[in-house]
Each structure stands twice: as structure tokens, then as C-alpha cells.
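Have a look at final_12.txt below; it lists compact mmCIF, C-alpha atoms.
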```txt
# COMPACT_ATOMS: atom_id res chain seq x y z
CA MET A 13 14.49 -6.45 -21.29
CA ASN A 14 12.49 -3.61 -22.72
CA GLY A 15 8.82 -4.06 -23.28
CA GLN A 16 8.87 -7.34 -21.45
CA ALA A 17 5.94 -7.84 -19.18
CA TYR A 18 6.58 -8.88 -15.61
CA TYR A 19 4.06 -10.19 -13.16
CA GLU A 20 2.59 -7.57 -10.90
CA PHE A 21 1.44 -9.92 -8.20
CA TYR A 22 4.61 -9.56 -6.12
CA ARG A 23 3.22 -6.14 -5.23
CA ARG A 24 1.04 -8.01 -2.74
CA SER A 25 4.10 -9.08 -0.80
CA THR A 26 5.26 -7.21 2.26
CA ILE A 27 7.98 -5.41 0.35
CA GLY A 28 5.48 -4.47 -2.34
CA THR A 29 2.80 -3.15 -0.02
CA SER A 30 5.31 -1.12 1.94
CA LEU A 31 6.52 0.44 -1.30
CA ALA A 32 2.93 1.23 -2.26
CA ASP A 33 2.41 2.82 1.16
CA ALA A 34 5.52 4.94 0.78
CA LEU A 35 4.50 6.06 -2.71
CA ASP A 36 1.03 6.82 -1.46
CA THR A 37 2.45 9.06 1.22
CA LEU A 38 4.43 11.01 -1.35
CA ILE A 39 1.37 11.34 -3.57
CA VAL A 40 -0.81 12.54 -0.71
CA ASP A 41 1.89 15.07 0.11
CA GLN A 42 1.79 16.07 -3.56
CA ARG A 43 5.49 15.52 -3.94
CA ILE A 44 5.15 13.09 -6.83
CA GLN A 45 2.51 12.40 -9.46
CA PRO A 46 0.68 9.07 -9.52
CA GLN A 47 2.15 8.39 -12.97
CA LEU A 48 5.64 8.39 -11.50
CA ALA A 49 4.49 6.02 -8.78
CA MET A 50 3.24 3.64 -11.45
CA LYS A 51 6.65 3.71 -13.10
CA VAL A 52 8.31 2.91 -9.81
CA LEU A 53 5.94 -0.03 -9.32
CA THR A 54 6.77 -1.26 -12.81
CA ASN A 55 10.44 -1.09 -11.89
CA PHE A 56 9.59 -3.01 -8.74
CA ASP A 57 7.92 -5.78 -10.79
CA ARG A 58 11.00 -6.20 -12.91
CA VAL A 59 13.56 -5.92 -10.11
CA THR A 60 11.70 -8.35 -7.88
CA SER A 61 11.24 -10.96 -10.59
CA GLU A 62 14.89 -10.74 -11.56
CA ASN A 63 16.20 -10.80 -8.00
CA LEU A 64 14.08 -13.76 -6.97
CA LYS A 65 15.98 -15.85 -9.48
CA ASP A 66 19.14 -15.41 -7.41
CA VAL A 67 17.58 -16.73 -4.23
CA LYS A 68 19.05 -20.03 -3.09
CA SER A 69 16.94 -21.51 -0.35
CA LYS A 70 14.37 -24.25 -0.69
CA MET A 71 11.18 -25.01 1.11
CA SER A 72 8.64 -27.77 1.31
CA PHE A 73 5.24 -28.08 2.86
CA LYS A 74 2.58 -30.65 3.57
CA GLY A 75 -1.00 -30.06 4.42
CA HIS A 76 -4.64 -30.53 3.78
CA LEU A 77 -5.75 -28.96 0.54
CA HIS A 78 -8.88 -27.02 1.35
CA THR A 79 -9.46 -25.14 -1.90
CA TYR A 80 -7.90 -25.25 -5.33
CA ARG A 81 -8.60 -22.92 -8.18
CA PHE A 82 -7.12 -22.52 -11.62
CA CYS A 83 -8.17 -19.39 -13.41
CA ASP A 84 -6.44 -17.28 -16.05
CA ASP A 85 -3.33 -19.40 -15.76
CA VAL A 86 -3.06 -18.72 -12.04
CA TRP A 87 -3.25 -21.43 -9.41
CA THR A 88 -4.67 -20.55 -6.04
CA PHE A 89 -4.51 -23.01 -3.19
CA VAL A 90 -5.79 -22.73 0.32
CA ILE A 91 -4.07 -25.29 2.48
CA LYS A 92 -4.97 -25.99 6.05
CA ASP A 93 -2.96 -27.49 8.89
CA VAL A 94 0.24 -26.91 7.01
CA ASN A 95 3.65 -28.02 8.08
CA VAL A 96 6.33 -25.94 6.40
CA LYS A 97 9.92 -27.15 6.30
CA LEU A 98 12.53 -24.51 5.76
CA ASP A 99 16.05 -24.87 4.48
CA ASP A 100 17.75 -24.98 7.85
CA GLY A 101 15.53 -27.77 9.14
CA GLU A 102 13.25 -25.39 10.95
CA THR A 103 9.58 -26.27 10.69
CA VAL A 104 6.63 -24.01 11.08
CA ASN A 105 3.04 -25.09 11.56
CA VAL A 106 0.40 -22.89 10.08
CA GLU A 107 -3.33 -23.26 10.47
CA LYS A 108 -4.21 -21.79 7.10
CA PHE A 109 -2.03 -20.93 4.20
CA LYS A 110 -2.77 -19.40 0.83
CA ILE A 111 -0.71 -19.86 -2.29
CA VAL A 112 -0.98 -17.73 -5.37
CA ALA A 113 1.15 -19.12 -8.17
CA CYS A 114 1.59 -17.76 -11.69
CA ASN A 115 2.89 -19.73 -14.61
CA SER A 116 6.68 -19.85 -14.55
CA ARG A 117 6.86 -20.08 -18.32
CA ARG A 118 5.69 -16.54 -18.78
CA ALA A 119 7.73 -15.03 -16.01
CA GLY A 120 9.64 -12.49 -18.02
CA ASP A 121 12.14 -15.00 -19.40
CA SER A 122 10.04 -16.34 -22.23
CA MET B 30 16.64 -15.74 12.25
CA SER B 31 16.32 -18.00 9.32
CA ASN B 32 14.97 -15.42 6.98
CA LYS B 33 18.21 -13.52 6.62
CA GLU B 34 18.15 -14.24 2.93
CA CYS B 35 14.79 -12.58 2.68
CA ALA B 36 16.10 -9.46 4.38
CA ASP B 37 19.03 -9.40 1.97
CA LEU B 38 16.71 -9.80 -0.97
CA TYR B 39 14.45 -7.00 0.22
CA GLU B 40 17.41 -4.71 0.67
CA ARG B 41 18.61 -5.53 -2.82
CA ILE B 42 15.17 -4.89 -4.24
CA ILE B 43 14.95 -1.52 -2.51
CA ASN B 44 18.37 -0.45 -3.74
CA ASP B 45 17.72 -1.63 -7.28
CA VAL B 46 14.30 -0.06 -7.53
CA ILE B 47 15.63 3.25 -6.21
CA GLN B 48 18.54 3.03 -8.62
CA GLU B 49 16.37 2.26 -11.60
CA SER B 50 13.77 4.84 -10.69
CA ARG B 51 16.32 7.65 -10.60
CA GLN B 52 15.94 8.30 -14.32
CA ASP B 53 12.16 8.27 -14.04
CA PHE B 54 12.36 10.80 -11.23
CA GLU B 55 14.66 13.01 -13.29
CA ASP B 56 12.36 12.77 -16.28
CA SER B 57 9.46 13.89 -14.12
CA GLY B 58 11.46 16.78 -12.72
CA ILE B 59 11.48 15.39 -9.20
CA ASP B 60 14.60 16.01 -7.18
CA GLU B 61 16.98 13.48 -5.68
CA GLN B 62 15.85 14.31 -2.17
CA THR B 63 12.37 12.99 -2.89
CA LEU B 64 13.85 9.77 -4.21
CA MET B 65 15.86 9.41 -1.02
CA ASP B 66 12.76 10.14 1.01
CA LEU B 67 10.97 7.40 -0.89
CA ARG B 68 13.69 4.98 0.12
CA LYS B 69 13.50 6.17 3.70
CA LEU B 70 9.71 5.81 3.83
CA TRP B 71 9.90 2.41 2.19
CA ARG B 72 12.44 1.17 4.70
CA GLU B 73 10.45 2.55 7.60
CA ARG B 74 7.26 0.90 6.43
CA LEU B 75 9.04 -2.36 5.90
CA SER B 76 10.68 -2.27 9.32
CA LYS B 77 7.32 -1.64 10.92
CA THR B 78 5.97 -4.90 9.52
CA LYS B 79 8.70 -6.76 11.44
CA VAL B 80 8.80 -9.48 8.80
CA ALA B 81 12.57 -9.56 9.03
CA THR B 82 15.49 -7.71 10.59
CA PHE B 83 17.16 -5.26 8.28
CA SER B 84 20.60 -3.77 8.27
CA TRP B 85 19.29 -0.23 8.56
CA ASP B 86 17.14 -0.92 11.58
CA ASN B 87 19.91 -0.07 14.01
CA VAL B 88 21.80 2.41 11.90
CA GLU B 89 18.89 4.70 11.26
CA GLU B 90 17.85 4.84 14.87
CA ASP B 91 21.33 5.97 15.82
CA GLU B 92 21.32 8.66 13.20
CA ASP B 93 17.98 9.90 14.33
CA ASP B 94 19.02 9.94 17.94
CA ASN B 95 22.14 11.90 17.25
CA SER B 96 20.55 14.55 15.16
CA SER B 97 17.60 15.12 17.40
CA ASP B 98 19.75 15.14 20.50
CA ASP B 99 22.14 17.69 19.15
CA LEU B 100 19.80 20.32 17.92
CA PRO B 101 16.20 19.34 18.01
CA LEU B 102 14.70 22.72 17.39
CA ALA B 103 17.11 23.75 14.70
CA GLN B 104 16.61 20.39 13.07
CA HIS B 105 12.88 20.82 13.04
CA HIS B 106 13.21 24.28 11.76
CA ALA B 107 15.59 23.30 9.01
CA GLN B 108 13.29 20.48 8.01
CA THR B 109 10.40 22.87 7.96
CA MET B 110 12.21 25.32 5.77
CA MET B 111 13.33 22.60 3.44
CA ASN B 112 9.87 21.20 3.03
CA SER B 113 8.33 24.57 2.46
CA GLN B 114 10.93 25.31 -0.16
CA GLN B 115 10.29 22.03 -1.84
CA PHE B 116 6.63 22.79 -2.00
CA ALA B 117 7.36 26.22 -3.34
CA ASN B 118 9.59 24.71 -5.98
CA LEU B 119 7.03 22.13 -6.84
CA GLY B 120 4.45 24.76 -7.39
CA GLY B 121 6.81 26.85 -9.45
CA ASN B 122 8.29 24.17 -11.64
CA GLY B 123 5.63 21.55 -11.88
CA GLY B 124 2.90 24.07 -12.30
CA ALA B 125 0.37 21.33 -12.71
CA GLY B 126 -0.22 20.94 -8.99
CA SER B 127 -3.94 20.70 -8.50
CA ASN B 128 -3.39 22.19 -5.10
CA ASP B 129 -2.16 25.46 -6.45
CA THR B 130 -4.72 25.88 -9.14
CA SER B 131 -7.72 25.15 -7.05
CA ALA B 132 -6.51 27.39 -4.32
CA ASP B 133 -5.75 30.23 -6.66
CA ILE B 134 -9.03 30.01 -8.46
CA GLY B 135 -10.83 30.24 -5.22
CA GLY B 136 -8.87 33.33 -4.46
CA VAL B 137 -8.25 31.90 -1.06
CA HIS B 138 -4.88 30.32 -0.62
CA GLY B 139 -6.28 27.57 1.45
CA LEU B 140 -6.90 28.66 4.93
CA HIS B 141 -3.24 29.11 5.34
CA LEU B 142 -3.04 30.36 8.85
CA PRO B 143 0.20 32.15 9.48
CA GLN B 144 -0.09 31.58 13.17
CA SER B 145 -0.83 27.90 12.83
CA ASP B 146 2.85 27.10 12.57
CA LEU B 147 3.37 28.65 15.94
CA ALA B 148 0.30 27.20 17.49
CA LEU B 149 1.22 23.66 16.66
CA PRO B 150 3.31 21.88 19.24
CA THR B 151 6.93 21.75 18.25
CA THR B 152 6.83 18.02 17.89
CA ALA B 153 4.27 18.25 15.15
CA THR B 154 5.67 20.60 12.59
CA ILE B 155 5.22 20.61 8.98
CA GLY B 156 5.61 17.86 6.35
CA GLY B 157 2.54 17.23 4.25
CA ASP B 158 -0.63 18.84 3.26
CA GLU B 159 -4.12 17.66 2.97
CA ASP B 160 -7.11 18.37 0.86
CA SER B 161 -10.03 18.46 3.13
CA LYS B 162 -13.13 17.79 1.17
CA PRO B 163 -16.31 18.38 3.11
CA ALA B 164 -16.74 21.82 4.52
CA HIS B 165 -16.41 22.29 8.23
CA GLY B 166 -17.59 25.28 10.13
CA GLY B 167 -14.16 26.23 11.29
CA ILE B 168 -10.76 24.93 12.15
CA VAL B 169 -9.88 23.30 15.39
CA LEU B 170 -6.38 24.07 16.49
CA PRO B 171 -4.43 21.62 18.59
CA GLY B 172 -4.98 23.72 21.64
CA GLY B 173 -8.68 23.04 21.41
CA SER B 174 -9.49 26.57 20.38
CA THR B 175 -11.30 27.05 17.14
CA ILE B 176 -11.10 29.62 14.45
CA SER B 177 -14.57 30.17 13.19
CA GLN B 178 -15.12 31.01 9.63
CA SER B 179 -16.39 34.51 9.23
CA ASP B 180 -15.93 35.18 5.54
CA GLY B 181 -18.71 33.02 4.23
CA PRO B 182 -18.61 29.47 2.95
CA ILE B 183 -16.00 28.34 0.49
CA PRO B 184 -16.81 25.58 -1.94
CA ILE B 185 -13.53 23.81 -1.47
CA GLN B 186 -11.43 24.38 1.55
CA GLU B 187 -7.77 23.74 1.37
CA ILE B 188 -6.07 23.34 4.63
CA GLU B 189 -2.37 22.91 4.65
CA PHE B 190 -0.72 21.04 7.41
CA GLU B 191 2.87 20.23 7.65
CA ILE B 192 4.01 17.46 9.87
CA ASP B 193 7.46 16.31 10.71
CA SER B 194 7.39 12.76 9.43
CA ARG B 195 10.33 11.84 11.63
CA SER B 196 8.61 12.22 14.94
CA GLU B 197 6.32 9.53 16.17
CA LEU B 198 3.54 11.98 16.76
CA GLY B 199 4.01 13.24 13.25
CA GLN B 200 3.67 9.76 11.81
CA GLN B 201 0.59 9.13 13.87
CA LEU B 202 -0.91 12.36 12.64
CA MET B 203 -0.09 11.42 9.07
CA LYS B 204 -1.77 8.09 9.51
CA GLN B 205 -4.80 9.67 11.05
CA MET B 206 -4.99 12.15 8.26
CA GLN B 207 -4.75 9.45 5.65
CA THR B 208 -7.47 7.35 7.20
CA GLN B 209 -9.61 10.42 7.61
CA GLN B 210 -9.08 11.27 4.00
CA LYS B 211 -10.07 7.80 2.96
CA LYS B 212 -13.18 8.04 5.06
CA LYS B 213 -13.99 11.38 3.59
CA LYS B 214 -13.58 10.02 0.11
CA LYS B 215 -15.90 7.18 0.93
CA LEU B 216 -18.29 9.67 2.39
CA MET B 217 -18.12 11.77 -0.72
CA ARG B 218 -18.99 8.78 -2.82
CA LEU B 219 -21.89 7.98 -0.61
CA ILE B 220 -23.23 11.46 -0.23
CA PRO B 221 -25.05 11.56 -3.57
CA THR B 222 -26.84 8.36 -2.68
CA GLN B 223 -27.48 9.09 0.93
CA SER B 224 -28.51 12.67 1.18
CA GLN B 225 -32.10 12.80 0.16
CA VAL B 226 -33.19 16.38 0.04
CA ASP B 227 -36.27 16.17 -2.14
CA GLY B 228 -38.51 14.59 0.41
CA PRO B 229 -39.32 10.95 1.01
CA PHE B 230 -39.85 8.92 -2.10
CA ASP B 231 -43.27 7.47 -1.69
CA ASP B 232 -43.28 5.59 -4.96
CA LEU B 233 -41.14 2.75 -3.83
CA GLU B 234 -43.12 2.26 -0.68
CA SER B 235 -46.12 1.15 -2.66
CA ASP B 236 -46.56 -2.55 -3.04
CA GLU B 237 -46.39 -2.45 -6.80
CA ASP B 238 -42.84 -1.27 -6.88
CA ASP B 239 -41.74 -3.62 -4.22
CA ASP B 240 -43.02 -6.53 -6.16
CA GLN B 241 -41.20 -5.52 -9.26
CA GLY B 242 -37.98 -5.34 -7.39
CA SER B 243 -36.22 -2.14 -6.60
CA ASP B 244 -33.42 -2.96 -9.01
CA LEU B 245 -35.72 -2.38 -11.96
CA GLY B 246 -36.45 1.22 -11.14
CA VAL B 247 -34.14 3.85 -12.53
CA ASP B 248 -34.40 5.79 -9.32
CA SER B 249 -33.28 2.92 -7.23
CA ASP B 250 -29.76 3.11 -8.53
CA GLU B 251 -29.42 6.70 -7.58
CA ILE B 252 -31.13 6.54 -4.29
CA ASN B 253 -29.76 4.44 -1.53
CA SER B 254 -31.17 1.18 -2.82
CA ASP B 255 -30.58 -2.15 -1.21
CA LEU B 256 -28.71 -3.42 -4.20
CA ASP B 257 -26.44 -0.47 -4.48
CA ASP B 258 -24.93 -0.07 -1.10
CA PRO B 259 -24.01 -3.55 -0.01
CA ASP B 260 -22.01 -3.92 -3.21
CA ASP B 261 -19.91 -0.96 -2.30
CA ASP B 262 -19.47 -2.23 1.19
CA ASP B 263 -18.45 -5.64 0.00
CA LYS B 264 -15.83 -4.22 -2.26
CA GLU B 265 -14.44 -2.09 0.49
CA ASP B 266 -14.47 -4.99 2.87
CA GLU B 267 -12.55 -7.13 0.44
CA GLU B 268 -9.98 -4.43 -0.02
CA ASP B 269 -9.67 -4.05 3.69
CA ASN B 270 -9.25 -7.74 4.17
CA ASP B 271 -6.66 -7.98 1.47
CA ASP B 272 -4.53 -5.36 3.06
CA PRO B 273 -2.73 -7.45 5.63
CA GLU B 274 -1.64 -10.39 3.55
CA THR B 275 -0.73 -12.92 6.14
CA ASN B 276 0.21 -16.51 5.60
CA ILE B 277 0.37 -16.12 1.88
CA MET B 278 2.86 -17.38 -0.65
CA LEU B 279 3.40 -15.61 -3.95
CA CYS B 280 5.34 -17.67 -6.42
CA LEU B 281 5.53 -19.24 -9.85
CA TYR B 282 4.54 -22.81 -10.58
CA ASP B 283 6.51 -25.23 -12.69
CA ARG B 284 4.13 -28.12 -12.39
CA VAL B 285 0.93 -28.99 -10.60
CA GLN B 286 -0.05 -32.65 -10.55
CA ARG B 287 -3.00 -34.50 -9.17
CA VAL B 288 -3.50 -38.22 -8.66
CA LYS B 289 -6.94 -38.86 -7.20
CA ASN B 290 -7.08 -36.57 -4.22
CA LYS B 291 -3.33 -36.14 -3.85
CA TRP B 292 -1.87 -32.93 -5.15
CA LYS B 293 1.78 -32.22 -5.77
CA CYS B 294 3.14 -28.89 -6.84
CA ASN B 295 6.55 -27.62 -7.80
CA LEU B 296 6.94 -23.95 -7.12
CA LYS B 297 9.73 -21.48 -7.59
CA ASP B 298 10.79 -17.86 -7.21
CA GLY B 299 8.57 -17.37 -4.23
CA VAL B 300 8.15 -15.00 -1.37
CA ALA B 301 6.03 -16.15 1.52
CA ASN B 302 4.69 -14.66 4.69
CA ILE B 303 4.44 -17.26 7.41
CA GLU B 304 3.30 -16.38 10.89
CA GLY B 305 4.48 -12.81 10.63
CA LYS B 306 7.87 -13.55 9.08
CA ASP B 307 8.77 -13.39 5.44
CA TYR B 308 10.70 -16.09 3.63
CA THR B 309 11.97 -16.41 0.12
CA PHE B 310 12.72 -19.56 -1.79
CA GLN B 311 14.11 -20.63 -5.10
CA LYS B 312 12.21 -23.88 -5.14
CA ALA B 313 9.41 -25.30 -3.07
CA THR B 314 7.52 -28.55 -3.21
CA GLY B 315 4.15 -29.14 -1.73
CA ASP B 316 2.12 -32.26 -0.99
CA SER B 317 -1.44 -32.03 0.08
CA GLU B 318 -4.58 -34.10 0.12
CA TRP B 319 -7.88 -32.68 -0.86
```
Take the structure in this file and express it as C-alpha cells.
Amino acid sequence: MNGQAYYEFYRRSTIGTSLADALDTLIVDQRIQPQLAMKVLTNFDRVTSENLKDVKSKMSFKGHLHTYRFCDDVWTFVIKDVNVKLDDGETVNVEKFKIVACNSRRAGDS
Amino acid sequence: MSNKECADLYERIINDVIQESRQDFEDSGIDEQTLMDLRKLWRERLSKTKVATFSWDNVEEDEDDNSSDDLPLAQHHAQTMMNSQQFANLGGNGGAGSNDTSADIGGVHGLHLPQSDLALPTTATIGGDEDSKPAHGGIVLPGGSTISQSDGPIPIQEIEFEIDSRSELGQQLMKQMQTQQKKKKKLMRLIPTQSQVDGPFDDLESDEDDDQGSDLGVDSDEINSDLDDPDDDDKEDEEDNDDPETNIMLCLYDRVQRVKNKWKCNLKDGVANIEGKDYTFQKATGDSEW
């Protein structure tokens, strides 16, 4: 566990940005130091990565691949006219959809 | 709502992060109340995004209603006292607060107006403070009246506001203050390049310099050159655009395959925002044609 590096990119998710907002508020109010906020974000990286392993649901999508990019071991796709199928049979159509995917083999369990 | 699992996951993440950050807070000498406030702020922010329905959404509203119905004024007052004490403690224990030092050096403890507490409407009491960077001529009180500055200019003004973060007005004020601060910071960064006080620079207007390109001149970096500013703007624009991450999926990939123009990918451990709702998945497969 200790010293293991976890991906930071989940901070871009809704739960991550709302944490960053909350921490920012406390920093602006001078109730915590930025260093402490960084520690909390590091905890968030670890907790999120670990907790996502316990998720059960599945998803599939089809669409028109508009852009693909592979850089620094990260895939980025922009897919247009996407049809997303969720676990419960619900489908959602999205005009434009971006995927940022990191390599699973380095996701903290290597 | 099909994203119940996502709400559960988010709640677990919040609880775990708070739990695991407790030691870090202790090590930094920050009290438990601040940790709880972090959780409260986090939940509030998350609820505002409306990406899912959370268990605390109803509970917290009830709590708030009760407390404010019972004794609104006393509540505000208690909150005020608590916050002030916390700040006092912070200053005493932490010591390193830049707020304190700068204020003390200046010999002016901010422009801490004793009457400002009273002048503010009761809905907007006390909760944060703000460093105001550029100097204003005076202070505008909520009533519209101004207190003009009569004791000469101060290099750095510190104005302390406290706002009740529970009230809607308070939150709005906080937001406004934060955006204003950001703007001011941007302004501060731009000021050195924008404010030209040593007269017009004729050199660059000559044809010679124009031909060489303004990026070659040493001056052009300092002065508001064409190359300088748009870069800054672009960066800021990108940051702004990145802020609301909509229709994005963050995940890990197991395999990405391509046969001619057909792409297949196997993804896992993902969290996705789709049309304003968040979803999580253990595995996802995608087929797309380029």
C-alpha cells in the first residue's frame, strides 16, 4: 500500500472536482494549508482507485470514433453519436463523448 | 435512477477519504470540526452537481430547517462566535498564517471594522476572510454607504469578511468573492504587462522592429506583446473549459484493438458523466468506427 502510486486522473470526475472545490474553500478561508489539501487529494486517489474495483455494473457503447490519441500510455477517444447501454437495459444517446483511459496494468495493483 | 451504485460509491469514497485524512488533519494540527466541515462542503458541492441522488440530500435539509427555525439568530451568533474562535486559535497555534503576519507587519490589523458585523445583514454573517489585493479607495458597506480611507494608502489591505456558509446568500457571496479573487489574481498577473507608465514605446512602431518580429525583442516579453497575452488567455480558456467535465469517461483500459477502421476497447474501473448523470462501471466495451 505505502508508496504505491495511484492515478490522479479521477480527480477530474464530479466527485473529485467537488472535493477540490471544498478544499479550495477551506484554503481561501485559511482554515487549512494547501499541503494538507494535497494529502487529502492523494488519499482520494487511493480510495477512489480501490473502491472502483468493487463496482459491479457493466456498460457498453457504440459510436463513431472521431479522434483517437495514444500518448504517455493514455488513450483518449472522442466518440460521436454514441449509444450507451447501461446495465439495466437503459440506453442513452450522446452526441459527443470523451474517454480518457489509463493503463490498467499500472493501476496501483502492479 | 439507474446510477444508484454511483451514489453509493461516491458516499463510500467521501467516508473513506474523510476517515483516512483524519490522521493527516491531526498531524497538521487541524481540528476535527474542520474535517467535518470539509465533508459537509464536499457533500454540498456534490449535491449541487445533481449527478446523482445522495442519502444526505434529504437528511441535511431537515437538519438545517430545524435548527434555523428554532433559533435563527442564536444559531447565527453561535456560528459566528465559533468561527471567530477558530480563527483566533488558528492564529495562535498555527502561527504561520500569512494573514496574521502581513497584517501585523503593516501595523494595521486589516481594516477590521468593529461595526461591520452589525452593519451586515443578519443573513450574511461571518465565515471566511479574503485577501483583497489591489487597493481601493474605501470600503463599500452593504448598505451602499462607504467608509473612505483617511489614514493614507496602505500597501496591502486586508479586509476580513465572515459569511455564514449555511445561508444561500452566504454561499452566493462566497462564490462571488472567489471569482472576484480569481479575477484580481489574473489582473495582478497582467498588471506588470499592461500598465505602461514610462510613455509610449516608439521603438517597436518603427518598421525595422516590426519586420524582425516582436518576439525577438527583449522588451516585447515584458510589454504587452502580441505573443505574450494570447498565450495566457488560451491557457485560461482551456482551464475554464475543462472545469465542467461533461460527457466524459475516466477509466482504465485492458485492451484496445483496431482492425482497419474498426476499434474495439475493453475498459474497466470507470466513472462516467453522461448527460448530466454520473455512472460507474466495472467493465465496459466499446465499438466504434473511425
Shortest interatomic distance to Thr275 (chain B) - which of A:Gly75, A:Arg24, A:Ser61, A:Gln16, counting only C-alpha atoms:
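The shortest atom-to-atom distance to Thr275 (chain B) comes from A:Arg24.
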Rank nothing, just name the residue among B:Leu64, B:Val46, B:Asp37, B:Val285 nearest to chain A, using only C-alpha atoms.
B:Val46
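Picture a line from CA of Val300 (chain B) to CA of Thr60 (chain A); it runs 10.0 Å.
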Counting only C-alpha atoms, which residues of region 35-111 of chain A sit at most 10 Å from some atom of region 70-75 of chain B, and what is each one's closest atom pair with its distance in Å to one decimal, listed by chain and rising residue number, as a tab-separated table?
```
residue	atom	partner	partner_atom	distance
A:Leu35	CA	B:Trp71	CA	8.2
A:Thr37	CA	B:Leu70	CA	8.4
A:Leu38	CA	B:Leu70	CA	9.0
```
Using only C-alpha atoms, I'd like every residue of chain B that has an atom within 6 Å of chain A; please write them out as JSON, numbers by chain.
{"B": [46, 50, 70, 71, 74, 75, 157, 158, 276, 277, 278, 279, 280, 281, 282, 283, 298, 310, 311, 312, 313, 314, 315, 316, 317, 318, 319]}
Taking every listed atom of region 50-54 of chain A and adding 6 Å to each side, what centre and edge lengths in Å (one decimal) does the axis-aligned box have, as AutoDock Vina command-line options?
```
--center_x 5.8 --center_y 1.2 --center_z -11.2 --size_x 17.1 --size_y 17.0 --size_z 15.8
```
Separation of CA of Gln201 (chain B) and CA of Leu67 (chain B), in Å?
18.1 Å
For the atom pair CA of Tyr18 (chain A) and CA of Leu38 (chain B), what is the interatomic distance in Å to one decimal place?
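CA of Tyr18 (chain A) sits 17.8 Å away from CA of Leu38 (chain B).
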Please determine, counting all atoms listed in the file, which residue among B:Gln52, B:Ser196, B:Ser84, B:Ser57 has the shortest atom-to-atom distance to Pro46 (chain A).
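Among the listed residues, the smallest separation from Pro46 (chain A) belongs to B:Ser57.
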